[in-house]
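Notes follow once the structure below has been shown.
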There are 4 protein chains.
Amino acid sequence: MLKLNSHPSGRHFLQIPGPSTVPDRILRAMDYPTIDHRGPEFQALGKKVLASIRTIFKTNNPVVIYPSSGTGAWEAAMVNTLSAGDNILMYETGHFASLWKKLADKLALKAELIPGDWRHGVDAAQIEARLKADTQHIIKAVCVVHNETSTGVTSNIAAVRAAIDHAGHPALLLVDTISGLGSADYRHDEWGVDVTISGSQKGLMLPPGLGFNAISAKALEASTHSTLPKAYWGWEEILASNEKGFWPYTPATNLLYGLSEACDMLLEEGLDKVFARHERHGEAARRAVRGWGLEVLCLNQDEYSPVLTAIVMPDDGKGGRHDADAFRKVVLENFNMSLGQGLGKVSGWVFRIGHLGDFNDLTLLGSLAGIEAGLIKAGVPHRAGGVQAAIEYLAGTAGR
Amino acid sequence: MLKLNSHPSGRHFLQIPGPSTVPDRILRAMDYPTIDHRGPEFQALGKKVLASIRTIFKTNNPVVIYPSSGTGAWEAAMVNTLSAGDNILMYETGHFASLWKKLADKLALKAELIPGDWRHGVDAAQIEARLKADTQHIIKAVCVVHNETSTGVTSNIAAVRAAIDHAGHPALLLVDTISGLGSADYRHDEWGVDVTISGSQKGLMLPPGLGFNAISAKALEASTHSTLPKAYWGWEEILASNEKGFWPYTPATNLLYGLSEACDMLLEEGLDKVFARHERHGEAARRAVRGWGLEVLCLNQDEYSPVLTAIVMPDDGKGGRHDADAFRKVVLENFNMSLGQGLGKVSGWVFRIGHLGDFNDLTLLGSLAGIEAGLIKAGVPHRAGGVQAAIEYLAGTAGR
Amino acid sequence: MLKLNSHPSGRHFLQIPGPSTVPDRILRAMDYPTIDHRGPEFQALGKKVLASIRTIFKTNNPVVIYPSSGTGAWEAAMVNTLSAGDNILMYETGHFASLWKKLADKLALKAELIPGDWRHGVDAAQIEARLKADTQHIIKAVCVVHNETSTGVTSNIAAVRAAIDHAGHPALLLVDTISGLGSADYRHDEWGVDVTISGSQKGLMLPPGLGFNAISAKALEASTHSTLPKAYWGWEEILASNEKGFWPYTPATNLLYGLSEACDMLLEEGLDKVFARHERHGEAARRAVRGWGLEVLCLNQDEYSPVLTAIVMPDDGKGGRHDADAFRKVVLENFNMSLGQGLGKVSGWVFRIGHLGDFNDLTLLGSLAGIEAGLIKAGVPHRAGGVQAAIEYLAGTAGR
Amino acid sequence: MLKLNSHPSGRHFLQIPGPSTVPDRILRAMDYPTIDHRGPEFQALGKKVLASIRTIFKTNNPVVIYPSSGTGAWEAAMVNTLSAGDNILMYETGHFASLWKKLADKLALKAELIPGDWRHGVDAAQIEARLKADTQHIIKAVCVVHNETSTGVTSNIAAVRAAIDHAGHPALLLVDTISGLGSADYRHDEWGVDVTISGSQKGLMLPPGLGFNAISAKALEASTHSTLPKAYWGWEEILASNEKGFWPYTPATNLLYGLSEACDMLLEEGLDKVFARHERHGEAARRAVRGWGLEVLCLNQDEYSPVLTAIVMPDDGKGGRHDADAFRKVVLENFNMSLGQGLGKVSGWVFRIGHLGDFNDLTLLGSLAGIEAGLIKAGVPHRAGGVQAAIEYLAGTAGR
């Protein structure tokens, strides 16, 4: 196994905003021997995970599980509901919203991207205005990212739903909550989302390898006359097989073991507690950032992500900013912690800290301490005391 | 974890022709903590598996690895090389060849399926004749299955290559060796295959969840003017990222750990030894079948699969055959062994035994003994002594 | 890890009579992170295993668990109940009974060993006669082996108890069921055993590393005036700590995780079913032996061990017997199976097959097939058909 | 498995001074299937670990490995070298030195314990004076603890050796480095130790279950005329079996897999680096303690333990001290961290933090942050900034 075993002493701090650390309980569940994917034991597993995952998405509608990355689940949502040349409306919340737009382009969709500054979430008012202007209902879908992993900004999906409704527009609502599900509150049915896209490696605490589509009745109906070619991603055949707990092709058995365990863990803790835990850790992280005299990328406090915090590097006094990637390298090499890099437009001057998944106060404090030690070691100007602020906040709010 | 832990005593015999039993060594490798898919440790892993997997495919050309099932890899091969409305030539070796045809239909390809009897491999002469008749070179690709998992018949891919060459036809050659790779001899470069499709859960001894495309220069060239929409499956972006050991989207990290280990295991044993081991086990299985007075589905001894053996149930004296699925149920419930069901046209009167992957003489003999015990228990007419024949064959050929 | 990973393909058949194969479920349980052995989580575990293990021993009295081998548990039983120079009565059922006698000698006990032929169990009549002759009650303890691992003979402990009672003798009854517990019926309380000795690596399906003493009230009373020095093995301090679920020194935490799981597995299956399973496998093994025309070492059919079968090698026609160890080497090198060697007096002409623990029909049949193939390969004269006899017996008795 | 799976979110911080956190790499190694302890594969493993462990003890003499706790290894050292009634000299460095004295009493040795204040290490001058006074050489052994786990004080063993030599006294030197080995520098041969006692669950990073005796030639010679009864612990038979890589009884196979891996990890990192890492973490911990205005139990800066730090609770203003166990409970329940309790004489007013084994800067900082948060939450008076001091020290010394 290459040099995977030659780590420095102690446990690596994987503080990127996904893949998140996979808890031992899930690693062991995945370690169970592979079984016959057409046999009765698998069938019971299949039915169980298909039921549990609905609870996580807060939906009574079907959820399709793909052996794929989240990118695959993006594609699935589109090829099942749209036809070549369809107009869709997207919103530039950050790097991943932009990537999704590129994917739509490759699928021959006509995607219009409302520009954003990467420091705010979706402006529902702009969505509403644009839809109202589309009197002929040429726009077939509105596609937004719930938790933008590149910026640490969480958009208000209920507001987007309301905007579509106020506009009286029939467009489908497609939402990417790849990094939000299982960490930030999300309500597929209540918010009237038509297709919710997610992945396994974030709040679900699994390794990467599973993609999800939660599907409304309206989306299902749309799939019957969408004409983009679809085979692997086609909902119809999968849903038919899923009825009996099976899949039309060999599913990713061992990841499904892990998914079963992940759902059990989230539901044992209780989704509300899970969300509150993430919110509290997000607040602690931001207090540390402010303690250091640094800036959180997200500018709207109603949109702070509970999943990750993107941090702006300080001015270098030469018209630029200190190099985020050089700083991350110092942290990795000296303190055995992986931080998320700045992506796309914010590359080089932003870094991200993930505080999601199987996580707790001391791992967060160790991570923040690693950042403070890294700022010192790398000579990045900052005020001492960020960790101190986080300790005090966590001590003051512990055990509530 | 549901009831996954409540198995009967002892280790389950997973004798379906894939997913094959995942060896402990690979399960433990996969159990390694998930790491940053953009960091230097992952990069080293990425470069290593991308190099190793080429050796397994016997190619110097690139191999693309998808988080997907084998079905996804079928789709990938097609969307990267073909355009809507393209004519392709396929060959009905069995259930999986037929499923692949259905997938082509969904992608709006015009697939012509040369009919087969499900008891022989590809007849290269028919391919040649058909291509010769296609003087205008309307046919863009020939698509065949190397090891047909539904029938236990292995086709001669070199002969198909020769047929195309003899016809002087420019069609691409696409080959599915999902269940053959790592078990049956396969030579992507030598046989002039343009796209080879495979999956993780057979000879590679991994859980399901990875799909593969090995790509010739000609296929790569074709991908630059193919017009089927492609995003997730698109080779271009993946190959560009792979150059540095990365992927454009989050790869299935833990399965890649397993893949690294699997390649090491196969290459440590030596591919020739691996193939010889499978051949010997196939022969032992067939001797058992003949010992029982039963019939092997494959009718051509040059095409016996080293991966699995499909067995025809005996006549029931009422114009039909004994029920293969009732027999399989007896074996599962009494002897804790999963056998492969008959699929498609041979459903109900054929069962399959997988003898692939991480496997050895005594596991084969235990499996065959379970079949013989099952035949007795289920009251299926047969001669005693199939296991005896296999024991004698294996004893006579051991340690060579 | 040395070359532990370079096994030949497939799963090794570990058919020695212990350590038995550790099931995945237990390996994973043991893989749980080590915890604070003085904290509340450990305390709950401690209480649970201390309760569960009593059920396995069929006792309401305390069971002491040592980080030790079974040999340590032998020593513990003696140093807690006896004083230097004490006379004890032992019975030579085989190699392990003889080793236990040697251990007693080292502890300065005066051990008298009633000779045996290694092909029968304890003759209770001889015990009774010897105790009756001891009118002054000089003998302080009777020490016998329940399941003699070197011979595959199980002694009747209830008869030994009756013999002591008939003799009206106050000697303690010490019983070694290291290889019997969890496989052969055993009843500490009902049979009036004073100290039962066992270990983790046989019927309990754990790796080696735990020793057990189940203790009667009479044995406990004896411990208060026994004068052999004792510290590590001393029951008193351990029992006091155990009251609260703790140990006086650091217990073998991860093996205790495994023990908890092992008890759950045995009790879920039900002890009576576990014992019946072992009996059935023993009978199948003996039918195979007879089918080969070979001889079972145990001569008394009422004393056949359900745990293992010791097999006598055939005459070599030169006044000796074929070499059992050469045969075992052939089996190991050609068929990847470990068989038990002949120990002590039967070394060289007896081999043993373990059929205990986490085991099932097909693993037994694979093992027997490996023996038959080995007999062929090694040129050991035998009749064909032993496996056939076992198949027929198992088929005929399956699913009852 | 009871409720072992129902932990709160995130990884538990096991900051007791042993058992230390077992790294994944070792857990996986231990998870390897149990093998035949009399076969060639085991033999290679046995030889390898017996060689590697000598390097860890820095000895060319044999090291005996027991399936036992460290307490068992204490007993082994004594029963192999001493006879009933022998006089021995011990030194009260703390709780474990006192427990060892109790064990000696149980073995009928006449142990004289030089009193200590539990805040200093062994005073070699007192040893020397006492030995000089023993002109008749009645004292057979000097027994001291290298790293006293109850106090965080490390004694100077070379000085004790020199004291014995200066006194010209023939007593054996027995040293307990159960919690020192693999964390603090230790040199069995160079320091002229006769028996070194250790265990698996501290610096060796294994679960508990193995005890060790490193044995000098002089100790070996003593064992030939020592008369304390010994069977399980007897070196002679074990050393004879070890010659070939085997054990006279079933060794703890899976813990030996772990031991092999642990030795590899320590030797790959390099023992000097391992020791320097522990020293640096000890210094960081003490800076935090001083930053809080609290007191380190150890009073001599030359004797600070690199393995753990014992911390004195502050005055409660009522003539007592704040309750250490109440504080530890707050930390466990609110911050998911186990701290070591005060043992024996320091019970209730001292707590201990382990910083040993598979450990790193951020885990230490997370742990220290948990203490600071716990001090706040529990209302224990202290100054803010202990963690800050540790961050600055670690940043200033990182990567050297």
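Starting from 1 in every chain, residues are counted up; chains themselves are A, B, ... following the order of the structure tokens, and ligands are numbered from 1 as listed.
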
Could the residues of chain D that have an atom at most 9 Å from chain A be listed as CSV, each with its closest atom pair and the distance in Å to one decimal, counting only C-alpha atoms and ordered by chain and ascending residue number?
residue,atom,partner,partner_atom,distance
D:Asn5,CA,A:Arg25,CA,6.9
D:Ser6,CA,A:Met265,CA,8.1
D:Pro8,CA,A:Glu269,CA,7.9
D:Ser9,CA,A:Asp358,CA,5.3
D:Gly10,CA,A:Phe359,CA,4.0
D:Arg11,CA,A:Phe359,CA,7.1
D:His12,CA,A:Asn360,CA,8.7
D:Phe13,CA,A:Leu362,CA,7.9
D:Thr21,CA,A:Gly10,CA,8.9
D:Pro23,CA,A:Gly10,CA,7.3
D:Asp24,CA,A:Arg11,CA,8.7
D:Arg25,CA,A:Asn5,CA,6.9
D:Met265,CA,A:Ser6,CA,8.1
D:Glu268,CA,A:Ser6,CA,8.2
D:Glu269,CA,A:Pro8,CA,7.9
D:Val274,CA,A:Ser9,CA,8.8
D:Glu333,CA,A:Gly399,CA,7.9
D:Asn334,CA,A:Gly399,CA,5.7
D:Phe335,CA,A:Asp361,CA,6.4
D:Asn336,CA,A:Leu362,CA,8.0
D:Met337,CA,A:Leu362,CA,8.3
D:Gly357,CA,A:Gly10,CA,8.0
D:Asp358,CA,A:Gly10,CA,4.5
D:Phe359,CA,A:Gly10,CA,4.0
D:Asn360,CA,A:Gly10,CA,5.0
D:Asp361,CA,A:Phe335,CA,6.4
D:Leu362,CA,A:Gly366,CA,4.7
D:Thr363,CA,A:Gly366,CA,6.0
D:Leu364,CA,A:Gly366,CA,7.5
D:Leu365,CA,A:Gly366,CA,5.2
D:Gly366,CA,A:Gly366,CA,3.8
D:Ser367,CA,A:Leu362,CA,6.6
D:Leu368,CA,A:Gly366,CA,8.8
D:Ala369,CA,A:Leu365,CA,6.4
D:Gly370,CA,A:Leu362,CA,6.0
D:Glu372,CA,A:Ile391,CA,7.3
D:Ala373,CA,A:Ala395,CA,4.9
D:Gly374,CA,A:Ala395,CA,6.9
D:Leu375,CA,A:Ala395,CA,8.7
D:Ile376,CA,A:Ala395,CA,6.3
D:Lys377,CA,A:Ala395,CA,5.5
D:Ala384,CA,A:Gln388,CA,7.8
D:Gly385,CA,A:Gln388,CA,7.0
D:Val387,CA,A:Gln388,CA,7.6
D:Gln388,CA,A:Gly385,CA,7.0
D:Ile391,CA,A:Ala373,CA,5.6
D:Glu392,CA,A:Ala373,CA,6.6
D:Tyr393,CA,A:Ala373,CA,8.9
D:Leu394,CA,A:Ala373,CA,7.2
D:Ala395,CA,A:Ala373,CA,4.9
D:Gly396,CA,A:Lys377,CA,6.8
D:Ala398,CA,A:Asn334,CA,6.1
D:Gly399,CA,A:Asn334,CA,5.6

Selected residues written out, C-alpha atoms, as a short mmCIF file (atom, residue, chain, number, x, y, z; two decimals), in the first residue's frame:
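The result, stored in result.cif:
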data_model
loop_
_atom_site.label_atom_id
_atom_site.label_comp_id
_atom_site.auth_asym_id
_atom_site.auth_seq_id
_atom_site.Cartn_x
_atom_site.Cartn_y
_atom_site.Cartn_z
CA ASN D 5 -21.12 2.11 19.52
CA SER D 6 -23.22 4.85 21.04
CA PRO D 8 -21.07 11.01 21.19
CA SER D 9 -19.98 12.45 17.86
CA GLY D 10 -16.28 12.53 17.07
CA ARG D 11 -13.28 10.69 18.31
CA HIS D 12 -12.83 10.20 22.05
CA PHE D 13 -9.71 11.82 23.51
CA THR D 21 -4.60 5.32 21.84
CA PRO D 23 -3.20 3.66 16.07
CA ASP D 24 -5.27 2.38 13.17
CA ARG D 25 -2.22 0.76 11.67
CA MET D 265 6.52 2.01 13.59
CA GLU D 268 10.79 3.63 11.26
CA GLU D 269 10.34 6.89 13.16
CA VAL D 274 10.24 9.22 19.38
CA GLU D 333 -19.19 14.45 30.08
CA ASN D 334 -18.79 17.78 28.32
CA PHE D 335 -15.70 17.35 26.23
CA ASN D 336 -15.45 13.62 25.56
CA MET D 337 -11.96 13.29 27.04
CA GLY D 357 2.28 6.86 22.18
CA ASP D 358 0.69 7.60 18.83
CA PHE D 359 0.29 11.29 19.47
CA ASN D 360 0.87 14.67 17.87
CA ASP D 361 0.79 18.42 18.37
CA LEU D 362 -2.85 19.01 17.54
CA THR D 363 -4.11 16.14 19.66
CA LEU D 364 -2.11 17.58 22.54
CA LEU D 365 -3.48 21.07 21.89
CA GLY D 366 -7.02 19.71 21.64
CA SER D 367 -6.46 17.93 24.95
CA LEU D 368 -5.07 21.00 26.66
CA ALA D 369 -7.92 23.07 25.25
CA GLY D 370 -10.31 20.52 26.73
CA GLU D 372 -8.93 24.75 29.88
CA ALA D 373 -12.56 24.54 28.78
CA GLY D 374 -13.18 22.08 31.61
CA LEU D 375 -11.62 24.41 34.17
CA ILE D 376 -13.98 27.14 33.01
CA LYS D 377 -17.02 24.88 32.91
CA ALA D 384 -6.64 31.96 30.99
CA GLY D 385 -3.92 31.29 28.47
CA VAL D 387 -3.31 26.66 25.74
CA GLN D 388 -1.95 29.87 24.25
CA ILE D 391 0.56 26.86 21.01
CA GLU D 392 3.41 29.32 21.06
CA TYR D 393 5.89 26.78 22.33
CA LEU D 394 4.87 24.19 19.75
CA ALA D 395 4.87 26.74 16.93
CA GLY D 396 8.31 27.89 18.00
CA ALA D 398 7.89 22.81 15.14
CA GLY D 399 9.71 21.13 12.31
#

**Request:** Excluding B:Ala288 and any residue of its chain fewer than 2 positions from it, enumerate the residues within 7 Å of it, using only C-alpha atoms, and give them as JSON, numbers by chain.
**Result:** {"B": [284, 285, 286, 290, 291, 292, 386, 387, 389, 390]}

**Request:** For stretch 226-231 of chain B, please output as a VMD selection string all residues within 6 Å (counting only C-alpha atoms; exclusion window: fewer than 2 positions along the same chain).
**Result:** (chain A and resid 103 106 to 107) or (chain B and resid 79 81 to 84 223 to 224 233 to 234)

Next, the residues of the selection above should be written as a PDB file, in the first residue's frame with C-alpha atoms.
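Everything below was put into part28.pdb:
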ATOM      1  CA  LEU A 103     -21.588  20.519 -16.624  1.00  0.00           C
ATOM      2  CA  LYS A 106     -21.607  19.986 -21.690  1.00  0.00           C
ATOM      3  CA  LEU A 107     -25.083  18.465 -21.612  1.00  0.00           C
TER       4      LEU A 107
ATOM      5  CA  VAL B  79     -20.615   8.390 -24.975  1.00  0.00           C
ATOM      6  CA  THR B  81     -16.550   7.507 -28.801  1.00  0.00           C
ATOM      7  CA  LEU B  82     -19.924   7.680 -30.542  1.00  0.00           C
ATOM      8  CA  SER B  83     -22.560  10.134 -31.697  1.00  0.00           C
ATOM      9  CA  ALA B  84     -26.326   9.918 -31.629  1.00  0.00           C
ATOM     10  CA  SER B 223     -13.611  11.051 -28.504  1.00  0.00           C
ATOM     11  CA  THR B 224     -12.610  14.427 -29.914  1.00  0.00           C
ATOM     12  CA  TRP B 233     -17.973  10.283 -18.166  1.00  0.00           C
ATOM     13  CA  GLY B 234     -15.861  12.624 -20.289  1.00  0.00           C
TER      14      GLY B 234
END

Can you list, as an mmCIF file with N, CA and C atoms, in the first residue's frame, every protein, DNA or RNA residue that comes within 12 Å of B:Ser98 when you count only C-alpha atoms, leaving out same-chain residues fewer than 2 positions away?
data_model
loop_
_atom_site.group_PDB
_atom_site.id
_atom_site.type_symbol
_atom_site.label_atom_id
_atom_site.label_comp_id
_atom_site.auth_asym_id
_atom_site.auth_seq_id
_atom_site.Cartn_x
_atom_site.Cartn_y
_atom_site.Cartn_z
ATOM 1 N N MET B 90 -23.223 -5.485 -32.430
ATOM 2 C CA MET B 90 -23.047 -6.182 -31.160
ATOM 3 C C MET B 90 -23.299 -7.673 -31.389
ATOM 4 N N TYR B 91 -23.000 -8.478 -30.379
ATOM 5 C CA TYR B 91 -23.136 -9.921 -30.549
ATOM 6 C C TYR B 91 -23.785 -10.503 -29.300
ATOM 7 N N GLU B 92 -24.837 -11.260 -29.488
ATOM 8 C CA GLU B 92 -25.631 -11.751 -28.362
ATOM 9 C C GLU B 92 -25.004 -13.008 -27.745
ATOM 10 N N THR B 93 -23.992 -12.785 -26.894
ATOM 11 C CA THR B 93 -23.410 -13.944 -26.220
ATOM 12 C C THR B 93 -24.240 -14.375 -25.023
ATOM 13 N N GLY B 94 -25.073 -13.481 -24.507
ATOM 14 C CA GLY B 94 -25.880 -13.839 -23.345
ATOM 15 C C GLY B 94 -26.579 -12.615 -22.778
ATOM 16 N N HIS B 95 -26.907 -12.711 -21.500
ATOM 17 C CA HIS B 95 -27.711 -11.684 -20.850
ATOM 18 C C HIS B 95 -27.009 -10.324 -20.830
ATOM 19 N N PHE B 96 -25.718 -10.336 -20.520
ATOM 20 C CA PHE B 96 -25.042 -9.036 -20.390
ATOM 21 C C PHE B 96 -24.822 -8.371 -21.742
ATOM 22 N N TRP B 100 -26.320 -4.693 -22.617
ATOM 23 C CA TRP B 100 -25.484 -3.635 -23.204
ATOM 24 C C TRP B 100 -26.166 -3.063 -24.458
ATOM 25 N N LYS B 101 -26.777 -3.965 -25.202
ATOM 26 C CA LYS B 101 -27.551 -3.526 -26.372
ATOM 27 C C LYS B 101 -28.674 -2.567 -25.944
ATOM 28 N N LYS B 102 -29.371 -2.922 -24.866
ATOM 29 C CA LYS B 102 -30.452 -2.050 -24.381
ATOM 30 C C LYS B 102 -29.913 -0.680 -24.000
ATOM 31 N N LEU B 103 -28.746 -0.678 -23.365
ATOM 32 C CA LEU B 103 -28.130 0.586 -22.970
ATOM 33 C C LEU B 103 -27.812 1.420 -24.214
ATOM 34 N N ALA B 104 -27.305 0.758 -25.246
ATOM 35 C CA ALA B 104 -27.004 1.475 -26.496
ATOM 36 C C ALA B 104 -28.275 2.092 -27.073
ATOM 37 N N ASP B 105 -29.371 1.333 -27.009
ATOM 38 C CA ASP B 105 -30.645 1.855 -27.499
ATOM 39 C C ASP B 105 -31.018 3.141 -26.754
ATOM 40 N N ALA B 111 -28.140 0.019 -32.720
ATOM 41 C CA ALA B 111 -27.375 -1.182 -32.430
ATOM 42 C C ALA B 111 -27.976 -2.384 -33.142
ATOM 43 N N GLU B 112 -27.111 -3.091 -33.815
ATOM 44 C CA GLU B 112 -27.539 -4.333 -34.479
ATOM 45 C C GLU B 112 -26.932 -5.485 -33.699
ATOM 46 N N LEU B 113 -27.766 -6.411 -33.261
ATOM 47 C CA LEU B 113 -27.304 -7.498 -32.405
ATOM 48 C C LEU B 113 -27.304 -8.808 -33.189
ATOM 49 N N ILE B 114 -26.125 -9.348 -33.456
ATOM 50 C CA ILE B 114 -26.067 -10.655 -34.119
ATOM 51 C C ILE B 114 -26.541 -11.700 -33.126
ATOM 52 N N PRO B 115 -27.579 -12.458 -33.477
ATOM 53 C CA PRO B 115 -28.165 -13.377 -32.493
ATOM 54 C C PRO B 115 -27.221 -14.523 -32.154
ATOM 55 N N GLY B 116 -27.295 -14.986 -30.927
ATOM 56 C CA GLY B 116 -26.489 -16.118 -30.477
ATOM 57 C C GLY B 116 -27.349 -17.065 -29.671
ATOM 58 N N ASP B 117 -26.823 -18.253 -29.378
ATOM 59 C CA ASP B 117 -27.622 -19.261 -28.666
ATOM 60 C C ASP B 117 -27.322 -19.291 -27.173
ATOM 61 N N TRP B 118 -26.490 -18.378 -26.668
ATOM 62 C CA TRP B 118 -26.136 -18.294 -25.254
ATOM 63 C C TRP B 118 -25.315 -19.509 -24.802
ATOM 64 N N CYS B 143 -19.011 -4.168 -30.668
ATOM 65 C CA CYS B 143 -19.046 -4.251 -29.204
ATOM 66 C C CYS B 143 -19.285 -5.697 -28.793
ATOM 67 N N VAL B 144 -18.320 -6.286 -28.110
ATOM 68 C CA VAL B 144 -18.482 -7.683 -27.697
ATOM 69 C C VAL B 144 -18.083 -7.864 -26.223
ATOM 70 N N VAL B 145 -18.628 -8.935 -25.681
ATOM 71 C CA VAL B 145 -18.344 -9.276 -24.282
ATOM 72 C C VAL B 145 -17.286 -10.364 -24.268
ATOM 73 N N GLU B 148 -18.670 -13.754 -20.796
ATOM 74 C CA GLU B 148 -20.099 -13.546 -20.596
ATOM 75 C C GLU B 148 -20.499 -14.187 -19.256
ATOM 76 N N THR B 149 -20.777 -13.328 -18.298
ATOM 77 C CA THR B 149 -21.018 -13.778 -16.916
ATOM 78 C C THR B 149 -22.303 -14.577 -16.784
ATOM 79 N N SER B 150 -23.206 -14.435 -17.734
ATOM 80 C CA SER B 150 -24.479 -15.161 -17.611
ATOM 81 C C SER B 150 -24.387 -16.593 -18.121
ATOM 82 N N LEU B 343 -29.915 -16.052 -15.670
ATOM 83 C CA LEU B 343 -30.387 -14.717 -16.006
ATOM 84 C C LEU B 343 -30.987 -14.720 -17.410
ATOM 85 N N GLY B 344 -32.027 -13.948 -17.592
ATOM 86 C CA GLY B 344 -32.605 -13.763 -18.922
ATOM 87 C C GLY B 344 -33.131 -15.074 -19.485
ATOM 88 N N LYS B 345 -32.686 -15.394 -20.683
ATOM 89 C CA LYS B 345 -33.222 -16.556 -21.394
ATOM 90 C C LYS B 345 -33.015 -17.875 -20.670
#

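Taking atom CA of D:Asp185 and atom CA of D:Lys202 as endpoints, the distance between them is 13.8 Å.
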
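The space between atom CA of A:His146 and atom CA of A:Gly180 spans 6.8 Å.
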
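The interatomic distance for the pair atom CA of D:Asp189 and atom CA of D:Lys58 works out to 6.4 Å.
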
**Message:** Let's see if you can do this: from backbone DSSP, list all alpha helix (DSSP H) residues in stretch 142-360 of chain D, as a count of residues only.
**Reply:** 76

**Message:** as a PyMOL selection string, please: every residue in stretch 181-385 of chain C that a backbone DSSP assignment puts in strand (DSSP E or B).
**Reply:** chain C and resi 195-199+210-215+295-296+304+308-312+315+321+337-341+350-354

**Request:** Name the residues in contact with C:Gly46 at a cut-off of 9 Å, using only C-alpha atoms, excluding same-chain residues fewer than 3 positions from it; report them as an MDAnalysis selection string.
**Result:** chainID C and resid 41:43 49:51 242 244:247 256

Taking C-alpha atoms for each residue, export the selection above as a compact mmCIF listing (two decimals), in the first residue's frame.
# COMPACT_ATOMS: atom_id res chain seq x y z
CA GLU C 41 -17.93 2.88 29.52
CA PHE C 42 -15.48 0.17 30.47
CA GLN C 43 -17.40 -0.52 33.66
CA VAL C 49 -18.91 -9.83 30.11
CA LEU C 50 -18.69 -11.03 33.70
CA ALA C 51 -22.40 -11.83 33.57
CA ASN C 242 -15.05 -7.33 39.56
CA LYS C 244 -17.92 -2.98 40.23
CA GLY C 245 -17.01 -4.17 36.76
CA PHE C 246 -13.30 -3.37 37.07
CA TRP C 247 -10.03 -5.26 37.47
CA LEU C 256 -12.85 -8.28 26.33

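The list of residues with at least one atom within 8 Å of C:Leu204, based on only C-alpha atoms and without residues fewer than 6 positions apart in the same chain, reads Leu181, Gly182, Leu259, Ala262, Cys263 and Gly357 of chain C.
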